[in-house]
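The structure file structure05.csv is reproduced below (CSV, C-alpha atoms and all ligand atoms).
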```
chain,number,residue,atom,x,y,z
Z,24,MET,CA,-1.9,-4.4,16.8
Z,25,ARG,CA,-2.0,-2.0,13.9
Z,26,LEU,CA,-3.0,-3.8,10.7
Z,27,PHE,CA,-3.7,-3.2,7.1
Z,28,ALA,CA,-4.4,-5.4,4.0
Z,29,ALA,CA,-2.2,-4.8,1.0
Z,30,VAL,CA,-0.9,-5.8,-2.4
Z,31,ILE,CA,2.9,-6.1,-2.4
Z,32,PRO,CA,4.7,-5.8,-5.7
Z,33,PRO,CA,7.3,-8.4,-6.6
Z,34,ALA,CA,11.0,-7.7,-6.2
Z,35,ARG,CA,11.7,-7.0,-9.9
Z,36,GLU,CA,9.0,-4.4,-10.1
Z,37,VAL,CA,10.2,-2.8,-6.9
Z,38,ASP,CA,13.7,-2.7,-8.4
Z,39,GLU,CA,12.4,-0.9,-11.4
Z,40,LEU,CA,10.5,1.6,-9.3
Z,41,GLY,CA,13.6,2.0,-7.2
Z,42,LEU,CA,15.6,3.3,-10.1
Z,43,THR,CA,13.0,6.0,-10.8
Z,44,VAL,CA,12.7,7.0,-7.2
Z,45,GLU,CA,16.5,7.4,-7.1
Z,46,ARG,CA,16.1,9.9,-9.9
Z,47,LEU,CA,13.3,11.7,-8.0
Z,48,ARG,CA,15.5,12.0,-5.0
Z,49,SER,CA,18.1,14.0,-6.9
Z,50,LEU,CA,15.5,16.7,-7.8
Z,51,PRO,CA,15.5,20.0,-6.0
Z,52,GLY,CA,13.2,19.8,-3.0
Z,53,ALA,CA,13.7,16.1,-2.5
Z,54,ASP,CA,15.5,16.5,0.8
Z,55,ALA,CA,12.4,18.1,2.3
Z,56,LEU,CA,10.6,14.8,1.9
Z,57,ARG,CA,10.7,11.7,4.0
Z,58,TRP,CA,11.1,8.9,1.4
Z,59,THR,CA,9.5,5.6,2.4
Z,60,GLY,CA,11.6,2.5,2.7
Z,61,ARG,CA,11.7,0.3,-0.3
Z,62,PRO,CA,11.2,-3.0,1.6
Z,63,GLY,CA,7.9,-1.7,2.8
Z,64,TRP,CA,6.5,-0.6,-0.5
Z,65,HIS,CA,2.9,-1.6,-0.8
Z,66,TYR,CA,-0.5,-0.7,-2.2
Z,67,THR,CA,-2.9,-0.5,0.8
Z,68,LEU,CA,-6.2,-2.3,0.2
Z,69,ALA,CA,-7.8,-1.6,3.6
Z,70,PHE,CA,-6.4,0.2,6.6
Z,71,MET,CA,-7.7,-1.3,9.8
Z,72,GLY,CA,-5.8,0.5,12.5
Z,73,GLU,CA,-5.7,-1.1,16.0
Z,74,VAL,CA,-7.2,-4.6,15.9
Z,75,ASP,CA,-7.8,-6.6,19.0
Z,76,GLU,CA,-6.1,-9.9,19.1
Z,77,SER,CA,-9.3,-11.7,19.8
Z,78,LEU,CA,-10.6,-10.8,16.4
Z,79,LEU,CA,-7.7,-12.4,14.5
Z,80,PRO,CA,-9.0,-15.9,13.9
Z,81,GLU,CA,-12.2,-14.6,12.2
Z,82,LEU,CA,-10.3,-11.9,10.4
Z,83,HIS,CA,-7.9,-14.4,8.9
Z,84,GLU,CA,-10.8,-16.6,7.9
Z,85,ARG,CA,-12.7,-13.8,6.2
Z,86,LEU,CA,-9.6,-12.4,4.4
Z,87,GLY,CA,-8.9,-15.8,3.0
Z,88,ARG,CA,-12.5,-16.0,1.7
Z,89,ALA,CA,-12.2,-12.5,0.2
Z,90,ALA,CA,-9.0,-13.5,-1.6
Z,91,ARG,CA,-10.4,-16.8,-3.0
Z,92,ARG,CA,-13.5,-15.0,-4.4
Z,93,THR,CA,-11.3,-12.6,-6.3
Z,94,PRO,CA,-9.6,-13.8,-9.5
Z,95,VAL,CA,-5.9,-13.2,-10.1
Z,96,PHE,CA,-5.5,-9.9,-12.0
Z,97,PRO,CA,-2.7,-8.0,-13.9
Z,98,LEU,CA,-1.3,-4.9,-12.5
Z,99,ARG,CA,1.6,-2.5,-13.3
Z,100,ILE,CA,3.0,0.6,-11.6
Z,101,HIS,CA,1.8,3.6,-13.5
Z,102,GLY,CA,2.3,7.3,-13.2
Z,103,GLY,CA,2.0,9.2,-9.9
Z,104,GLY,CA,0.0,11.7,-7.9
Z,105,HIS,CA,-0.2,13.4,-4.6
Z,106,PHE,CA,-2.7,13.7,-1.7
Z,107,GLY,CA,-2.7,17.4,-0.6
Z,108,ARG,CA,0.8,18.7,-0.3
Z,109,ARG,CA,1.9,16.0,2.1
Z,110,ALA,CA,1.9,12.6,0.4
Z,111,LEU,CA,3.5,11.6,-2.9
Z,112,TRP,CA,2.6,8.3,-4.5
Z,113,VAL,CA,2.8,6.1,-7.6
Z,114,GLY,CA,-0.4,4.8,-9.1
Z,115,ALA,CA,-1.3,1.6,-10.8
Z,116,ALA,CA,-2.9,0.5,-14.1
Z,117,GLY,CA,-4.3,-2.8,-15.5
Z,118,GLY,CA,-6.8,-4.6,-13.3
Z,119,LEU,CA,-8.0,-1.6,-11.4
Z,120,GLU,CA,-11.6,-2.8,-11.2
Z,121,GLU,CA,-10.5,-6.1,-9.7
Z,122,MET,CA,-8.2,-4.3,-7.3
Z,123,ARG,CA,-11.0,-2.1,-6.2
Z,124,LEU,CA,-13.2,-5.2,-5.7
Z,125,LEU,CA,-10.4,-6.8,-3.6
Z,126,ALA,CA,-10.1,-3.7,-1.5
Z,127,GLU,CA,-13.9,-3.6,-0.9
Z,128,ARG,CA,-13.9,-7.3,0.0
Z,129,ALA,CA,-10.9,-6.8,2.4
Z,130,ASP,CA,-12.7,-3.9,4.0
Z,131,ALA,CA,-15.9,-5.9,4.4
Z,132,ALA,CA,-14.0,-8.8,5.8
Z,133,ALA,CA,-12.5,-6.6,8.5
Z,134,ARG,CA,-15.8,-4.9,9.2
Z,135,ARG,CA,-17.6,-8.2,9.6
Z,136,SER,CA,-14.9,-9.5,11.9
Z,137,GLY,CA,-15.6,-6.6,14.2
Z,138,VAL,CA,-12.9,-4.2,13.2
Z,139,GLY,CA,-14.1,-0.6,13.5
Z,140,MET,CA,-13.5,0.6,9.9
Z,141,GLU,CA,-13.6,4.2,9.0
Z,142,GLU,CA,-15.9,5.2,6.1
Z,143,HIS,CA,-13.7,5.4,3.2
Z,144,ARG,CA,-13.6,7.7,0.2
Z,145,ARG,CA,-13.5,6.2,-3.3
Z,146,TYR,CA,-10.7,3.7,-3.5
Z,147,GLN,CA,-7.6,5.1,-5.1
Z,148,ALA,CA,-4.8,2.5,-5.8
Z,149,HIS,CA,-1.6,4.1,-4.6
Z,150,LEU,CA,1.9,3.3,-3.3
Z,151,THR,CA,3.2,6.1,-1.1
Z,152,ILE,CA,6.9,6.9,-1.9
Z,153,ALA,CA,7.3,10.0,0.1
Z,154,ARG,CA,5.7,12.2,2.8
Z,155,ALA,CA,6.3,15.8,3.6
Z,156,ARG,CA,6.6,17.1,7.1
Z,157,ALA,CA,5.5,20.5,6.0
Z,158,ASP,CA,3.4,21.4,2.9
Z,159,ALA,CA,5.6,20.8,-0.2
Z,160,ASP,CA,5.2,21.2,-3.9
Z,161,MET,CA,4.7,17.7,-5.2
Z,162,ARG,CA,4.2,18.7,-8.9
Z,163,PRO,CA,7.8,18.3,-10.1
Z,164,PHE,CA,7.9,14.8,-8.8
Z,165,VAL,CA,4.5,13.9,-10.2
Z,166,GLU,CA,5.6,15.3,-13.6
Z,167,GLU,CA,8.6,13.1,-13.5
Z,168,LEU,CA,6.5,10.1,-12.7
Z,169,ASP,CA,4.0,10.9,-15.5
Z,170,THR,CA,5.7,8.6,-18.0
Z,171,PHE,CA,6.6,5.8,-15.6
Z,172,GLU,CA,5.2,2.4,-16.8
Z,173,GLY,CA,6.3,-0.6,-14.8
Z,174,THR,CA,6.4,-4.2,-16.1
Z,175,PRO,CA,3.0,-5.8,-15.5
Z,176,TRP,CA,2.7,-8.7,-13.0
Z,177,ASP,CA,-0.1,-10.9,-11.9
Z,178,VAL,CA,-1.5,-10.0,-8.4
Z,179,ALA,CA,-1.9,-13.5,-6.9
Z,180,GLU,CA,-2.0,-12.7,-3.2
Z,181,LEU,CA,-3.7,-10.6,-0.6
Z,182,THR,CA,-1.3,-9.8,2.3
Z,183,LEU,CA,-2.1,-8.8,5.9
Z,184,VAL,CA,0.6,-6.5,7.3
Z,185,ARG,CA,1.3,-5.4,10.8
Z,186,SER,CA,2.7,-1.9,11.2
Z,187,ASN,CA,5.0,-1.2,14.1
Z,188,LEU,CA,5.0,2.5,14.5
Z,189,PRO,CA,8.6,3.8,15.0
Z,190,VAL,CA,9.8,4.1,18.6
Z,191,SER,CA,13.0,6.2,18.5
Z,192,GLY,CA,16.1,5.0,20.3
Z,193,VAL,CA,14.9,1.4,20.9
Z,194,ARG,CA,17.6,-1.1,20.3
Z,195,GLY,CA,16.7,-4.3,18.4
Z,196,GLU,CA,13.6,-2.6,17.2
Z,197,GLN,CA,11.2,-4.8,15.2
Z,198,PRO,CA,10.8,-4.4,11.4
Z,199,ARG,CA,8.6,-1.5,10.5
Z,200,TYR,CA,6.2,-3.6,8.6
Z,201,GLU,CA,5.7,-7.3,9.2
Z,202,VAL,CA,3.7,-9.7,7.0
Z,203,VAL,CA,1.4,-11.6,9.3
Z,204,GLY,CA,-0.7,-13.5,6.8
Z,205,SER,CA,-1.2,-14.0,3.0
Z,206,TRP,CA,-3.8,-15.7,1.0
Z,207,SER,CA,-3.9,-16.8,-2.6
Z,208,LEU,CA,-6.4,-15.2,-5.0
Z,209,GLY,CA,-8.9,-17.4,-6.8
Z,210,GLY,CA,-7.2,-19.6,-9.4
Z,211,ALA,CA,-3.7,-18.7,-8.1
Z,212,GLY,CA,-1.1,-21.6,-7.8
Z,301,LIG,P1,3.8,6.8,9.3
Z,301,LIG,O1,2.4,6.7,9.9
Z,301,LIG,O2,4.8,6.6,10.3
Z,301,LIG,O3,4.0,7.9,8.4
Z,301,LIG,P2,2.8,4.7,7.6
Z,301,LIG,O4,1.7,5.6,7.2
Z,301,LIG,O5,3.4,4.0,6.5
Z,301,LIG,O6,3.9,5.5,8.4
Z,301,LIG,P3,0.8,3.4,9.1
Z,301,LIG,O7,0.2,4.7,9.6
Z,301,LIG,O8,0.8,2.3,10.0
Z,301,LIG,O9,2.3,3.6,8.6
Z,301,LIG,O10,0.0,3.0,7.8
Z,301,LIG,C1,0.1,1.8,7.1
Z,301,LIG,C2,-0.5,2.0,5.7
Z,301,LIG,O11,-1.9,2.3,5.8
Z,301,LIG,C3,0.2,3.1,4.9
Z,301,LIG,O12,0.1,2.8,3.5
Z,301,LIG,C4,-0.8,4.3,5.1
Z,301,LIG,O13,-0.7,5.2,4.1
Z,301,LIG,C5,-2.1,3.6,5.2
Z,301,LIG,N1,-3.0,4.3,6.1
Z,301,LIG,C6,-2.7,4.8,7.3
Z,301,LIG,N2,-3.8,5.4,7.9
Z,301,LIG,C7,-4.8,5.3,7.0
Z,301,LIG,C8,-6.2,5.7,7.0
Z,301,LIG,N3,-6.7,6.4,8.0
Z,301,LIG,N4,-6.9,5.5,5.8
Z,301,LIG,C9,-6.3,4.8,4.8
Z,301,LIG,N5,-5.1,4.4,4.8
Z,301,LIG,C10,-4.3,4.6,5.8
Z,302,MG,MG,0.5,6.7,8.7
```

For the file at hand, write its structure as C-alpha cells.
Amino acid sequence: MRLFAAVIPPAREVDELGLTVERLRSLPGADALRWTGRPGWHYTLAFMGEVDESLLPELHERLGRAARRTPVFPLRIHGGGHFGRRALWVGAAGGLEEMRLLAERADAAARRSGVGMEEHRRYQAHLTIARARADADMRPFVEELDTFEGTPWDVAELTLVRSNLPVSGVRGEQPRYEVVGSWSLGGAG
C-alpha cells in the first residue's frame, strides 16, 4: 500500500484556509489548476510510497516511538509558495524546527522498518493546495497567500495515511486518503 506520514490541521484551521482558497479559485488562471480536496489537506512529513504489508507492525511501533520522543509544538498556516510551475502550496510557521525533527524521525522510523526511502532534500513544510497539469504561473496565487496567517494550534499527533491513487470509473471507490494510524506526541493528552 502507498503510505505517508503527515500532520493534519484541525477542522477550524482547515475552514479558515478554505475561505482563502475560495478566493484564490476566483483569480484568473485558477481553472487551469487542479485544486486538492479539502478533506485531504495535510503537511507531509515523510513520503514512503509502496510499503509491503509485512513491514507494518514494525513501522507502527517505530512511528509511535518517533511521536513520543517529539514534544507537542505550535503551528500555524502561513504564506505560500510553489515547487516549479506545477505545485502550489501554503507554508507553516511556529514550531518549524520541531516539525523538521518530527519529519526526520518519521523518515528514520520508516527507513529502519525496511521501507526504501528516497534521499530527501531539505525538509520544507508545505500543504499542497493545487497542481498544474501544464506549467503555470503560480506567482499571483503566491502573492495572494503572502499575508495569510492562520490561527495557531498545537500539533499533538503524527498520522499515518494511506493514499489510494484514483482509478477512474470505479463505483464505490475508496476514499482518496485514509488514516491508518495516529500516535500522540510526547506530553500530549
Ligand atoms: P496525485 O499523485 O494523484 O497528484 P497526491 O500527490 O496527493 O496525488 P500521492 O502521490 O499518494 O498523492 O502523495 C501523497 C502525499 O505525499 C502528497 O502530499 C504528495 O505531495 C507527497 N509525495 C508524493 N510523492 C512524493 C515524493 N516522492 N517525495 C515527497 N513527497 C511526496
Ligand atoms: Mg503524487

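Considering all atoms listed in the file, the residues that reside within 12 Å of ligand MG 302 (chain Z) can be listed as Z:Arg25, Z:Leu26, Z:Phe27, Z:Thr59, Z:Thr67, Z:Phe70, Z:Met71, Z:Gly72, Z:Arg109, Z:Ala110, Z:Thr151, Z:Ala153, Z:Arg154, Z:Ala155, Z:Ser186, Z:Asn187, Z:Leu188, Z:Pro189, Z:Arg199, Z:Tyr200.
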
Practice prompt. List the neighbours of range 87-94 of chain Z out to 6 Å using only C-alpha atoms; skip same-chain residues closer than 2 positions along the sequence, and give me the result as a PyMOL selection string.
Written response: chain Z and resi 84-85+128+206+208-209

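Distances here use only C-alpha atoms and all ligand atoms; by that measure, the residue among Z:Glu36, Z:Asp158, Z:Glu73, Z:Glu196 closest to ligand LIG 301 (chain Z) is Z:Glu73.
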
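Note that the spacing between CA of Ala34 in chain Z and CA of Tyr66 in chain Z amounts to 14.0 Å.
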
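Nearest residue to ligand LIG 301 (chain Z), choosing from Z:Leu181, Z:Ile152, Z:Leu98, Z:Ala157 and counting all atoms listed in the file: Z:Ile152.
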
Worksheet item: So which one's closest to Trp176 in chain Z, Z:Ile31, Z:Val138, Z:Ala132, Z:Leu125? Using all atoms listed in the file, please.
Response: Z:Ile31

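Counting from CA of Arg99 in chain Z, the distance to CA of Ala126 in chain Z is 16.7 Å.
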
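Considering the residues Z:Arg48, Z:His101, Z:Arg61, Z:Arg194 and counting all atoms listed in the file, ligand LIG 301 (chain Z) has its shortest atom-to-atom contact with Z:Arg61.
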
Worksheet item: If you count only C-alpha atoms, which residues fall within 6 Å of Ala179 in chain Z, apart from same-chain ones fewer than 2 positions away, as a ChimeraX atom specification?
Response: /Z:95,177,207-208,211

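Rounded to one decimal, CA of Arg108 in chain Z and atom O9 of ligand LIG 301 (chain Z) lie 17.6 Å from each other.
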
Item to complete: Counting all atoms listed in the file, note down every residue that has an atom within 10 Å of the point (-11.2, -4.6, -7.8) (file coordinates), as a PyMOL selection string.
Response: chain Z and resi 68+93-94+96+118-128+146+148

Discussion item. I'd like the contact shell of Met24 in chain Z - 7 Å cut-off, all atoms listed in the file, skipping same-chain residues fewer than 6 positions apart - returned as an NGL selection string.
Written reply: :Z and (73-75 or 185)

Worksheet item: For Pro163 in chain Z, which residue out of Z:Leu47, Z:Val30, Z:Leu42, Z:Val37 is the nearest one, using all atoms listed in the file?
Response: Z:Leu47

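You can rank Z:Glu180, Z:Glu172, Z:Asp160, Z:Glu141 by their closest distance to ligand LIG 301 (chain Z) using all atoms listed in the file, and at the top of that list sits Z:Glu141.
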
Just the residues within 10 Å of Leu78 in chain Z, please, counting all atoms listed in the file, with nothing from its chain fewer than 2 positions along; format it as a PDB file with C-alpha atoms, in the frame of the given file.
```pdb
ATOM      1  CA  VAL Z  74      -7.200  -4.600  15.900  1.00  0.00           C
ATOM      2  CA  ASP Z  75      -7.800  -6.600  19.000  1.00  0.00           C
ATOM      3  CA  GLU Z  76      -6.100  -9.900  19.100  1.00  0.00           C
ATOM      4  CA  PRO Z  80      -9.000 -15.900  13.900  1.00  0.00           C
ATOM      5  CA  GLU Z  81     -12.200 -14.600  12.200  1.00  0.00           C
ATOM      6  CA  LEU Z  82     -10.300 -11.900  10.400  1.00  0.00           C
ATOM      7  CA  HIS Z  83      -7.900 -14.400   8.900  1.00  0.00           C
ATOM      8  CA  ALA Z 133     -12.500  -6.600   8.500  1.00  0.00           C
ATOM      9  CA  SER Z 136     -14.900  -9.500  11.900  1.00  0.00           C
ATOM     10  CA  GLY Z 137     -15.600  -6.600  14.200  1.00  0.00           C
ATOM     11  CA  VAL Z 138     -12.900  -4.200  13.200  1.00  0.00           C
TER      12      VAL Z 138
END
```

Range 111-123 of chain Z dumped to file, N, CA, C and O atoms, as a PDB file, in the first residue's frame:
```
ATOM      1  N   LEU Z 111       1.392  24.257  -6.108  1.00  0.00           N
ATOM      2  CA  LEU Z 111       1.141  25.449  -5.291  1.00  0.00           C
ATOM      3  C   LEU Z 111       0.830  24.996  -3.871  1.00  0.00           C
ATOM      4  O   LEU Z 111       0.028  24.084  -3.676  1.00  0.00           O
ATOM      5  N   TRP Z 112       1.465  25.629  -2.895  1.00  0.00           N
ATOM      6  CA  TRP Z 112       1.254  25.194  -1.516  1.00  0.00           C
ATOM      7  C   TRP Z 112       1.168  26.355  -0.545  1.00  0.00           C
ATOM      8  O   TRP Z 112       1.577  27.471  -0.866  1.00  0.00           O
ATOM      9  N   VAL Z 113       0.612  26.061   0.638  1.00  0.00           N
ATOM     10  CA  VAL Z 113       0.699  27.005   1.748  1.00  0.00           C
ATOM     11  C   VAL Z 113       1.753  26.476   2.710  1.00  0.00           C
ATOM     12  O   VAL Z 113       1.935  25.269   2.845  1.00  0.00           O
ATOM     13  N   GLY Z 114       2.452  27.400   3.328  1.00  0.00           N
ATOM     14  CA  GLY Z 114       3.536  27.032   4.230  1.00  0.00           C
ATOM     15  C   GLY Z 114       3.069  26.972   5.670  1.00  0.00           C
ATOM     16  O   GLY Z 114       1.867  26.893   5.954  1.00  0.00           O
ATOM     17  N   ALA Z 115       4.007  27.001   6.578  1.00  0.00           N
ATOM     18  CA  ALA Z 115       3.698  26.936   8.007  1.00  0.00           C
ATOM     19  C   ALA Z 115       4.693  27.801   8.766  1.00  0.00           C
ATOM     20  O   ALA Z 115       5.780  28.110   8.260  1.00  0.00           O
ATOM     21  N   ALA Z 116       4.302  28.207   9.961  1.00  0.00           N
ATOM     22  CA  ALA Z 116       5.191  28.958  10.843  1.00  0.00           C
ATOM     23  C   ALA Z 116       4.934  28.495  12.268  1.00  0.00           C
ATOM     24  O   ALA Z 116       3.940  27.817  12.533  1.00  0.00           O
ATOM     25  N   GLY Z 117       5.831  28.858  13.152  1.00  0.00           N
ATOM     26  CA  GLY Z 117       5.715  28.419  14.549  1.00  0.00           C
ATOM     27  C   GLY Z 117       6.821  27.427  14.850  1.00  0.00           C
ATOM     28  O   GLY Z 117       7.990  27.757  14.667  1.00  0.00           O
ATOM     29  N   GLY Z 118       6.443  26.228  15.238  1.00  0.00           N
ATOM     30  CA  GLY Z 118       7.446  25.230  15.616  1.00  0.00           C
ATOM     31  C   GLY Z 118       8.059  24.496  14.444  1.00  0.00           C
ATOM     32  O   GLY Z 118       8.019  23.262  14.379  1.00  0.00           O
ATOM     33  N   LEU Z 119       8.676  25.241  13.529  1.00  0.00           N
ATOM     34  CA  LEU Z 119       9.218  24.597  12.324  1.00  0.00           C
ATOM     35  C   LEU Z 119      10.394  23.669  12.627  1.00  0.00           C
ATOM     36  O   LEU Z 119      10.572  22.655  11.949  1.00  0.00           O
ATOM     37  N   GLU Z 120      11.172  24.024  13.645  1.00  0.00           N
ATOM     38  CA  GLU Z 120      12.307  23.157  13.997  1.00  0.00           C
ATOM     39  C   GLU Z 120      11.797  21.813  14.528  1.00  0.00           C
ATOM     40  O   GLU Z 120      12.313  20.756  14.170  1.00  0.00           O
ATOM     41  N   GLU Z 121      10.764  21.884  15.357  1.00  0.00           N
ATOM     42  CA  GLU Z 121      10.170  20.655  15.905  1.00  0.00           C
ATOM     43  C   GLU Z 121       9.525  19.837  14.787  1.00  0.00           C
ATOM     44  O   GLU Z 121       9.594  18.611  14.774  1.00  0.00           O
ATOM     45  N   MET Z 122       8.915  20.538  13.856  1.00  0.00           N
ATOM     46  CA  MET Z 122       8.257  19.857  12.735  1.00  0.00           C
ATOM     47  C   MET Z 122       9.298  19.131  11.880  1.00  0.00           C
ATOM     48  O   MET Z 122       9.096  17.997  11.452  1.00  0.00           O
ATOM     49  N   ARG Z 123      10.430  19.784  11.663  1.00  0.00           N
ATOM     50  CA  ARG Z 123      11.505  19.162  10.890  1.00  0.00           C
ATOM     51  C   ARG Z 123      12.044  17.932  11.629  1.00  0.00           C
ATOM     52  O   ARG Z 123      12.291  16.890  11.020  1.00  0.00           O
TER      53      ARG Z 123
END
```
